[in-house]
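A.B. asks: model_28.tsv is the file, holding TSV, C-alpha atoms:
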chain	number	residue	atom	x	y	z
A	347	MET	CA	-40.66	-85.23	96.06
A	348	ASN	CA	-41.59	-84.96	92.39
A	349	GLU	CA	-44.63	-87.13	92.77
A	350	ASN	CA	-45.78	-85.18	95.79
A	351	LEU	CA	-45.36	-81.84	94.09
A	352	PHE	CA	-47.48	-82.57	91.07
A	353	ALA	CA	-50.00	-84.84	92.71
A	354	SER	CA	-52.43	-82.00	93.24
A	355	PHE	CA	-52.67	-81.39	89.51
A	356	ILE	CA	-53.85	-84.89	88.62
A	357	ALA	CA	-57.46	-84.86	87.59
A	358	PRO	CA	-59.39	-86.65	90.35
A	359	THR	CA	-61.22	-89.82	89.42
A	360	ILE	CA	-63.83	-91.94	91.11
A	361	LEU	CA	-63.19	-95.53	90.04
A	362	GLY	CA	-61.84	-94.26	86.74
A	363	LEU	CA	-64.67	-91.85	86.05
A	364	PRO	CA	-63.67	-88.23	85.85
A	365	ALA	CA	-64.73	-86.42	88.99
A	366	ALA	CA	-63.26	-83.30	87.45
A	367	VAL	CA	-66.63	-82.87	85.74
A	368	LEU	CA	-68.29	-82.62	89.14
A	369	ILE	CA	-65.77	-80.06	90.29
A	370	ILE	CA	-66.28	-77.97	87.16
A	371	LEU	CA	-70.01	-78.04	87.91
A	372	LEU	CA	-69.49	-76.49	91.36
A	373	PRO	CA	-69.27	-72.76	90.41
A	374	PRO	CA	-72.79	-72.63	88.94
A	375	LEU	CA	-74.15	-73.76	92.30
A	376	LEU	CA	-72.60	-70.73	93.94
A	377	ILE	CA	-74.18	-68.28	91.51
A	378	PRO	CA	-77.95	-68.47	91.80
A	379	THR	CA	-80.38	-66.87	89.40
A	380	SER	CA	-83.47	-65.04	90.43
A	381	LYS	CA	-86.77	-64.07	88.94
A	382	TYR	CA	-87.42	-61.20	91.33
A	383	LEU	CA	-86.40	-57.61	91.19
A	384	ILE	CA	-85.28	-57.42	94.81
A	385	ASN	CA	-83.14	-60.33	95.90
A	386	ASN	CA	-81.23	-61.77	98.77
A	387	ARG	CA	-77.77	-60.48	99.55
A	388	LEU	CA	-75.84	-63.08	97.62
A	389	ILE	CA	-77.68	-62.50	94.37
A	390	ALA	CA	-77.63	-58.72	94.83
A	391	THR	CA	-73.85	-58.71	95.31
A	392	GLN	CA	-73.29	-60.90	92.29
A	393	GLN	CA	-75.59	-58.85	90.12
A	394	TRP	CA	-73.81	-55.67	91.09
A	395	LEU	CA	-70.42	-57.20	90.25
A	396	ILE	CA	-71.66	-58.51	86.91
A	397	GLN	CA	-73.10	-55.14	85.96
A	398	LEU	CA	-69.84	-53.44	86.87
A	399	THR	CA	-67.81	-55.86	84.79
A	400	SER	CA	-70.09	-55.92	81.78
A	401	LYS	CA	-70.24	-52.14	81.56
A	402	GLN	CA	-66.46	-52.01	81.74
A	403	MET	CA	-65.95	-54.63	79.06
A	404	MET	CA	-68.67	-54.08	76.54
A	405	THR	CA	-68.60	-50.32	75.98
A	406	MET	CA	-65.99	-50.53	73.28
A	407	HIS	CA	-67.96	-52.85	71.05
A	408	ASN	CA	-70.53	-52.03	68.41
A	409	ALA	CA	-73.95	-53.64	68.26
A	410	LYS	CA	-72.70	-56.78	66.58
A	411	GLY	CA	-69.93	-57.22	69.12
A	412	ARG	CA	-72.36	-56.76	71.99
A	413	THR	CA	-74.23	-59.89	70.97
A	414	TRP	CA	-71.25	-61.66	72.48
A	415	SER	CA	-71.73	-60.05	75.87
A	416	LEU	CA	-73.40	-63.10	77.46
A	417	MET	CA	-70.59	-65.32	76.29
A	418	LEU	CA	-67.85	-63.02	77.56
A	419	MET	CA	-69.54	-62.43	80.91
A	420	SER	CA	-69.99	-66.12	81.55
A	421	LEU	CA	-66.38	-66.65	80.54
A	422	ILE	CA	-64.97	-64.16	82.99
A	423	ILE	CA	-67.23	-65.34	85.80
A	424	PHE	CA	-66.32	-68.97	85.20
A	425	ILE	CA	-62.58	-68.37	85.07
A	426	ALA	CA	-62.61	-66.05	88.10
A	427	THR	CA	-64.65	-68.40	90.30
A	428	THR	CA	-62.70	-71.47	89.22
A	429	ASN	CA	-59.36	-69.77	89.93
A	430	LEU	CA	-60.51	-68.46	93.30
A	431	LEU	CA	-61.93	-71.82	94.34
A	432	GLY	CA	-58.58	-73.34	93.45
A	433	LEU	CA	-56.95	-71.32	96.20
A	434	LEU	CA	-58.81	-73.28	98.87
A	435	PRO	CA	-56.72	-76.02	100.48
A	436	HIS	CA	-56.65	-79.40	98.77
A	437	SER	CA	-58.95	-78.31	95.98
A	438	PHE	CA	-58.51	-79.09	92.32
A	439	THR	CA	-58.37	-76.24	89.82
A	440	PRO	CA	-59.67	-77.18	86.39
A	441	THR	CA	-57.90	-74.25	84.75
A	442	THR	CA	-54.53	-75.84	85.45
A	443	GLN	CA	-55.34	-78.44	82.83
A	444	LEU	CA	-54.18	-77.28	79.42
A	445	SER	CA	-56.91	-79.33	77.79
A	446	MET	CA	-59.62	-77.26	79.37
A	447	ASN	CA	-58.03	-73.93	78.54
A	448	LEU	CA	-57.52	-74.96	74.93
A	449	ALA	CA	-61.15	-76.01	74.81
A	450	MET	CA	-62.09	-72.53	75.97
A	451	ALA	CA	-59.63	-70.55	73.87
A	452	ILE	CA	-59.79	-72.20	70.45
A	453	PRO	CA	-63.55	-71.99	69.80
A	454	LEU	CA	-63.79	-68.41	71.00
A	455	TRP	CA	-60.84	-67.22	68.96
A	456	ALA	CA	-62.00	-69.19	65.92
A	457	GLY	CA	-65.49	-67.74	66.23
A	458	ALA	CA	-64.21	-64.19	66.38
A	459	VAL	CA	-61.81	-64.61	63.45
A	460	THR	CA	-64.27	-66.52	61.29
A	461	SER	CA	-67.02	-63.98	61.77
A	462	GLY	CA	-64.53	-61.28	60.88
A	463	PHE	CA	-63.49	-63.06	57.71
A	464	ARG	CA	-67.07	-63.71	56.71
A	465	SER	CA	-68.49	-60.26	57.23
A	466	LYS	CA	-65.61	-57.91	56.50
A	467	THR	CA	-63.18	-59.97	54.44
A	468	LYS	CA	-61.12	-57.12	53.11
A	469	ASN	CA	-60.67	-55.55	56.53
A	470	ALA	CA	-59.76	-58.88	58.12
A	471	LEU	CA	-57.15	-59.60	55.48
A	472	ALA	CA	-55.83	-56.07	55.70
A	473	HIS	CA	-54.96	-56.68	59.35
A	474	LEU	CA	-52.26	-59.03	58.13
A	475	LEU	CA	-50.12	-56.16	56.89
A	476	PRO	CA	-49.24	-53.17	59.07
A	477	GLN	CA	-49.50	-49.77	57.48
A	478	GLY	CA	-46.52	-48.15	55.87
A	479	THR	CA	-44.24	-51.13	55.37
A	480	PRO	CA	-41.62	-50.91	52.62
A	481	THR	CA	-42.62	-52.95	49.56
A	482	PRO	CA	-39.77	-55.51	49.57
A	483	LEU	CA	-40.66	-56.54	53.11
A	484	ILE	CA	-44.32	-57.32	52.37
A	485	PRO	CA	-44.14	-61.11	51.80
A	486	MET	CA	-42.14	-61.73	54.96
A	487	LEU	CA	-44.35	-59.50	57.01
A	488	VAL	CA	-47.52	-61.21	55.82
A	489	ILE	CA	-46.09	-64.54	56.91
A	490	ILE	CA	-45.13	-63.15	60.28
A	491	GLU	CA	-48.52	-61.59	60.84
A	492	THR	CA	-50.27	-64.82	59.84
A	493	ILE	CA	-48.22	-66.77	62.31
A	494	SER	CA	-48.97	-64.27	65.04
A	495	LEU	CA	-52.65	-64.57	64.23
A	496	LEU	CA	-52.60	-68.36	64.34
A	497	ILE	CA	-50.73	-68.43	67.61
A	498	GLN	CA	-53.30	-66.34	69.48
A	499	PRO	CA	-55.44	-69.25	70.80
A	500	MET	CA	-52.35	-71.15	71.89
A	501	ALA	CA	-51.08	-68.09	73.71
A	502	LEU	CA	-54.43	-67.57	75.44
A	503	ALA	CA	-54.59	-71.12	76.70
A	504	VAL	CA	-50.95	-71.49	77.69
A	505	ARG	CA	-50.92	-68.11	79.44
A	506	LEU	CA	-53.77	-69.07	81.73
A	507	THR	CA	-52.46	-72.56	82.40
A	508	ALA	CA	-48.92	-71.44	83.10
A	509	ASN	CA	-49.86	-68.59	85.42
A	510	ILE	CA	-52.22	-70.59	87.59
A	511	THR	CA	-50.03	-73.70	87.67
A	512	ALA	CA	-46.91	-71.70	88.52
A	513	GLY	CA	-48.70	-69.92	91.33
A	514	HIS	CA	-49.95	-73.16	92.86
A	515	LEU	CA	-46.55	-74.79	92.57
A	516	LEU	CA	-44.83	-71.85	94.25
A	517	MET	CA	-47.27	-71.97	97.14
A	518	HIS	CA	-46.68	-75.71	97.57
A	519	LEU	CA	-42.91	-75.27	97.56
A	520	ILE	CA	-42.81	-72.33	99.93
A	521	GLY	CA	-45.30	-73.98	102.25
A	522	SER	CA	-43.28	-77.16	102.48
A	523	ALA	CA	-40.11	-75.09	102.94
A	524	THR	CA	-41.71	-73.29	105.88
A	525	LEU	CA	-42.73	-76.59	107.40
A	526	ALA	CA	-39.27	-78.07	106.96
A	527	MET	CA	-37.51	-75.05	108.42
A	528	SER	CA	-39.85	-74.68	111.38
A	529	THR	CA	-38.14	-77.49	113.26
A	530	THR	CA	-34.56	-76.34	112.74
A	531	ASN	CA	-34.39	-72.59	112.19
A	532	LEU	CA	-37.49	-70.78	113.47
A	533	PRO	CA	-36.75	-67.13	112.50
A	534	SER	CA	-36.15	-67.98	108.87
A	535	ALA	CA	-39.31	-70.09	108.97
A	536	LEU	CA	-41.19	-66.97	110.03
A	537	ILE	CA	-39.65	-64.99	107.19
A	538	ILE	CA	-40.65	-67.68	104.72
A	539	PHE	CA	-44.12	-67.66	106.21
A	540	THR	CA	-44.37	-63.94	105.50
A	541	VAL	CA	-43.41	-64.69	101.92
A	542	LEU	CA	-46.20	-67.24	101.83
A	543	ILE	CA	-48.74	-64.69	103.02
A	544	LEU	CA	-47.65	-62.22	100.36
A	545	LEU	CA	-47.75	-64.93	97.76
A	546	THR	CA	-51.30	-65.84	98.71
A	547	MET	CA	-52.39	-62.26	98.26
A	548	LEU	CA	-50.67	-62.25	94.90
A	549	GLU	CA	-52.43	-65.45	93.95
A	550	ILE	CA	-55.81	-63.97	94.69
A	551	ALA	CA	-54.97	-61.05	92.47
A	552	VAL	CA	-53.60	-63.33	89.77
A	553	ALA	CA	-56.73	-65.41	89.82
A	554	LEU	CA	-58.86	-62.40	89.08
A	555	ILE	CA	-56.44	-60.80	86.68
A	556	GLN	CA	-56.02	-63.89	84.57
A	557	ALA	CA	-59.75	-64.12	84.12
A	558	TYR	CA	-59.82	-60.51	83.12
A	559	VAL	CA	-56.95	-60.82	80.70
A	560	PHE	CA	-58.41	-63.86	79.01
A	561	THR	CA	-61.73	-62.21	78.48
A	562	LEU	CA	-60.21	-58.92	77.47
A	563	LEU	CA	-58.13	-60.49	74.78
A	564	VAL	CA	-61.06	-62.43	73.40
A	565	SER	CA	-63.05	-59.24	73.28
A	566	LEU	CA	-60.16	-57.53	71.56
A	567	TYR	CA	-60.07	-60.16	68.86
A	568	LEU	CA	-63.79	-59.67	68.60
A	569	HIS	CA	-63.46	-55.94	68.26
A	570	GLU	CA	-61.09	-56.22	65.38
A	571	ASN	CA	-63.38	-58.59	63.61
A	572	THR	CA	-66.84	-57.02	63.91
B	1009	MET	CA	-81.23	-83.84	113.89
B	1010	GLU	CA	-81.93	-83.03	110.30
B	1011	ILE	CA	-82.61	-85.82	107.90
B	1012	PRO	CA	-80.35	-85.64	104.85
B	1013	SER	CA	-82.79	-84.50	102.27
B	1014	LYS	CA	-81.32	-86.83	99.71
B	1015	ILE	CA	-82.78	-89.76	101.59
B	1016	SER	CA	-86.04	-88.28	102.82
B	1017	GLY	CA	-86.42	-86.39	99.54
B	1018	LEU	CA	-86.49	-89.67	97.71
B	1019	LYS	CA	-89.57	-90.52	99.64
B	1020	LYS	CA	-91.65	-87.42	98.95
B	1021	THR	CA	-94.32	-88.45	96.51
B	1022	GLU	CA	-96.68	-86.04	94.82
B	1023	GLU	CA	-98.89	-85.69	97.89
B	1024	HIS	CA	-96.75	-83.87	100.42
B	1025	SER	CA	-99.77	-83.48	102.63
B	1026	ARG	CA	-99.79	-87.15	103.35
B	1027	HIS	CA	-96.87	-86.69	105.73
B	1028	GLN	CA	-99.15	-84.47	107.79
B	1029	ASP	CA	-101.73	-87.22	107.85
B	1030	SER	CA	-99.15	-89.64	109.20
B	1031	LYS	CA	-99.26	-87.78	112.48
B	1032	ILE	CA	-102.98	-88.34	112.75
B	1033	ALA	CA	-103.44	-91.80	111.28
B	1034	SER	CA	-101.53	-94.61	112.85
B	1035	VAL	CA	-101.53	-96.96	109.90
B	1036	VAL	CA	-99.71	-95.43	106.91
B	1037	PRO	CA	-98.16	-97.18	103.91
B	1038	VAL	CA	-94.41	-97.59	104.31
B	1039	LYS	CA	-93.72	-95.65	101.15
B	1040	ASP	CA	-94.92	-92.35	102.57
B	1041	LYS	CA	-93.21	-92.30	105.94
B	1042	LYS	CA	-90.29	-90.01	106.57
B	1043	LEU	CA	-87.06	-91.57	107.72
B	1044	ARG	CA	-87.66	-90.84	111.38
B	1045	GLU	CA	-90.90	-92.80	111.42
B	1046	VAL	CA	-89.73	-95.91	109.61
B	1047	LYS	CA	-89.21	-98.90	111.85
B	1048	LEU	CA	-85.83	-100.58	111.70
B	1049	GLY	CA	-87.17	-103.79	110.19
B	1050	GLU	CA	-88.83	-101.89	107.38
B	1051	LEU	CA	-85.68	-100.01	106.43
B	1052	PRO	CA	-84.54	-102.15	103.46
B	1053	SER	CA	-87.97	-102.08	101.87
B	1054	TRP	CA	-88.19	-98.34	102.49
B	1055	ILE	CA	-84.87	-97.73	100.75
B	1056	LEU	CA	-85.71	-99.98	97.85
B	1057	MET	CA	-88.97	-98.18	97.23
B	1058	GLY	CA	-87.16	-94.96	96.39
B	1059	ASP	CA	-87.29	-93.41	92.98
B	1060	PHE	CA	-83.88	-94.21	91.51
B	1061	SER	CA	-84.59	-93.16	87.96
B	1062	PRO	CA	-82.44	-90.31	86.59
B	1063	SER	CA	-85.26	-87.83	86.96
B	1064	GLY	CA	-85.89	-89.10	90.48
B	1065	ILE	CA	-82.27	-88.63	91.50
B	1066	PHE	CA	-82.15	-85.23	89.86
B	1067	GLY	CA	-85.31	-84.28	91.71
B	1068	ALA	CA	-83.70	-85.34	94.97
B	1069	PHE	CA	-80.66	-83.15	94.33
B	1070	GLN	CA	-82.90	-80.28	93.34
B	1071	ARG	CA	-84.94	-80.58	96.53
B	1072	GLY	CA	-81.78	-80.73	98.59
B	1073	TYR	CA	-80.33	-77.68	96.88
B	1074	TYR	CA	-83.47	-75.63	97.39
B	1075	ARG	CA	-83.76	-76.75	100.96
B	1076	TYR	CA	-80.27	-75.39	101.73
B	1077	TYR	CA	-80.80	-72.31	99.60
B	1078	ASN	CA	-84.06	-71.31	101.19
B	1079	LYS	CA	-82.77	-71.87	104.68
B	1080	TYR	CA	-79.45	-70.07	104.54
B	1081	ILE	CA	-79.17	-67.84	101.50
B	1082	ASN	CA	-82.61	-66.74	100.41
B	1083	VAL	CA	-83.31	-64.90	103.66
B	1084	LYS	CA	-83.59	-61.24	104.43
B	1085	LYS	CA	-80.27	-60.91	106.22
B	1086	GLY	CA	-78.23	-63.70	104.79
B	1087	SER	CA	-74.72	-63.78	106.15
B	1088	ILE	CA	-71.47	-64.96	104.68
B	1089	SER	CA	-71.81	-68.27	106.50
B	1090	GLY	CA	-74.30	-69.42	103.89
B	1091	VAL	CA	-71.51	-69.55	101.34
B	1092	THR	CA	-68.64	-70.48	103.63
B	1093	MET	CA	-70.42	-73.62	104.79
B	1094	VAL	CA	-70.51	-74.78	101.19
B	1095	LEU	CA	-66.84	-73.96	100.73
B	1096	ALA	CA	-65.89	-75.79	103.92
B	1097	CYS	CA	-67.72	-78.88	102.66
B	1098	TYR	CA	-65.89	-78.51	99.37
B	1099	VAL	CA	-62.54	-78.43	101.18
B	1100	LEU	CA	-63.41	-81.59	103.13
B	1101	PHE	CA	-64.58	-83.28	99.93
B	1102	SER	CA	-61.30	-82.43	98.15
B	1103	TYR	CA	-59.34	-83.61	101.18
B	1104	SER	CA	-61.03	-86.97	101.00
B	1105	PHE	CA	-60.07	-87.17	97.35
B	1106	SER	CA	-56.42	-86.38	97.91
B	1107	TYR	CA	-56.09	-88.49	101.06
B	1108	LYS	CA	-54.42	-91.24	99.12
B	1109	HIS	CA	-51.57	-88.95	98.08
B	1110	LEU	CA	-51.40	-87.05	101.35
B	1111	LYS	CA	-50.94	-90.06	103.56
B	1112	HIS	CA	-47.42	-90.55	102.26
B	1113	GLU	CA	-46.47	-87.11	103.53
B	1114	TRP	CA	-47.12	-87.63	107.24
B	1115	LEU	CA	-44.20	-86.85	109.52
B	1116	ARG	CA	-44.12	-90.33	110.98
B	1117	LYS	CA	-41.45	-92.95	111.22
B	1118	TYR	CA	-43.71	-95.79	110.15
B	1119	HIS	CA	-46.64	-95.35	107.81
Since I need it in another form, could you write the structure as structure tokens?

C.D. replies:
Amino acid sequence: MNENLFASFIAPTILGLPAAVLIILLPPLLIPTSKYLINNRLIATQQWLIQLTSKQMMTMHNAKGRTWSLMLMSLIIFIATTNLLGLLPHSFTPTTQLSMNLAMAIPLWAGAVTSGFRSKTKNALAHLLPQGTPTPLIPMLVIIETISLLIQPMALAVRLTANITAGHLLMHLIGSATLAMSTTNLPSALIIFTVLILLTMLEIAVALIQAYVFTLLVSLYLHENT
Amino acid sequence: MEIPSKISGLKKTEEHSRHQDSKIASVVPVKDKKLREVKLGELPSWILMGDFSPSGIFGAFQRGYYRYYNKYINVKKGSISGVTMVLACYVLFSYSFSYKHLKHEWLRKYH
């Protein structure tokens, strides 16, 4: 039972070579680029969505923060398409692997914080102490704020991993429960099937929301630091 | 019956027009025939003459991609089936990967 449950999270290999690389390379094939002004329906839909998202996300940044807009847009598109593709049956979701999410979170967070420390050092250090704290509490509070700063990339990565993995696991469990109950107790199997339908709708929302949250937080760290 | 472009694409040399000539001339070098016109005895030599360098393989994938793209997606009234066919192939591909784990879960007495 245990081996079956987690078997879908093992990174697929072809003769020991990671096929996960091939699967990560699938989303770019679904998002074509175009050199024309008027495009086919697929490109037009995607361009409309990207414009909607980028306007929503990048209005709060100044000029220096907006240089990151390409990075943030590719991030949200990648995470959203990878999560949604993971909802197809039997597919492998790269974002369930903590290694990949750490590889996304740590460089982005480090880039935002480092650029903040380099350009506006006093402001960046001032973030470590909230306004209006009583003087005796200052050393402890600086330590606490530093720890909360250093934990941000970990939180980003673990949040994404845990949400997507938990959703997939729940769907596996409820699906196998439906199958097991369908032979013995049909009405409760139908009830569990309804739960599965609702869960699938939730998963679609979670896939999109997680992408949004990840990107939003990175842009928030950016905003503080530019 | 469409030829998988990966195989026939390997055979397209710089002169694409030569495949037109093969309908007129009866004697054509083996290298330039499409898969349908290669005789069965010539098949090994035809396969071996393909361009298996990295740039050759990449070119084959690129030709295949654009062939699918221009037929199903880059049209005036492209439908959703252009994308769903790709997703269906992806599902089958992932199924073949996880077959090894799935075969232990069949509801059978003997595996």

A.B. asks: Show which residues sit within 6 Å of segment 1100-1107 of chain B, as an MDAnalysis selection string. Count all atoms listed in the file, and ignore same-chain residues fewer than 3 positions away.

C.D. replies: (chainID A and resid 436:437) or (chainID B and resid 1097 1110:1111)

A.B. asks: Suppose you want the space between atom CA of Val1091 of chain B and atom CA of Phe1060 of chain B; what is it in Å?

C.D. replies: 29.3 Å

A.B. asks: Separation of atom CA of Ser1087 of chain B and atom CA of Leu376 of chain A, in Å?

C.D. replies: 14.2 Å

A.B. asks: What is the distance, in Å and to one decimal place, between atom CA of Val504 of chain A and atom CA of Leu519 of chain A?

C.D. replies: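 We find that atom CA of Val504 of chain A and atom CA of Leu519 of chain A lie 21.8 Å from each other.
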
A.B. asks: Using all atoms listed in the file and a cut-off of 12 Å, which residues of chain A sit close to chain B? Please list them as a VMD selection string.

C.D. replies: chain A and resid 347 349 to 361 365 to 366 368 to 369 372 to 373 375 to 380 382 384 to 391 430 to 439 522 525 to 526 529

A.B. asks: For a quick check of understanding, using all atoms listed in the file, which of A:Met547, A:Lys381, A:Leu502, A:Leu475 has the smallest distance to Thr561 of chain A?

C.D. replies: A:Leu502

A.B. asks: Return the single residue from B:Trp1054, B:Arg1116, B:Met1093, B:Ser1063 that is closest to Tyr1076 of chain B, with distances computed using all atoms listed in the file.

C.D. replies: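 Nearest candidate to Tyr1076 of chain B out of B:Trp1054, B:Arg1116, B:Met1093, B:Ser1063: B:Met1093.
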
A.B. asks: Identify, on the basis of all atoms listed in the file, every residue whose closest approach to segment 407-413 of chain A does not exceed 10 Å; exclude the query and any residue fewer than 3 positions from it along the same chain; express the result as a count of residues only.

C.D. replies: 13
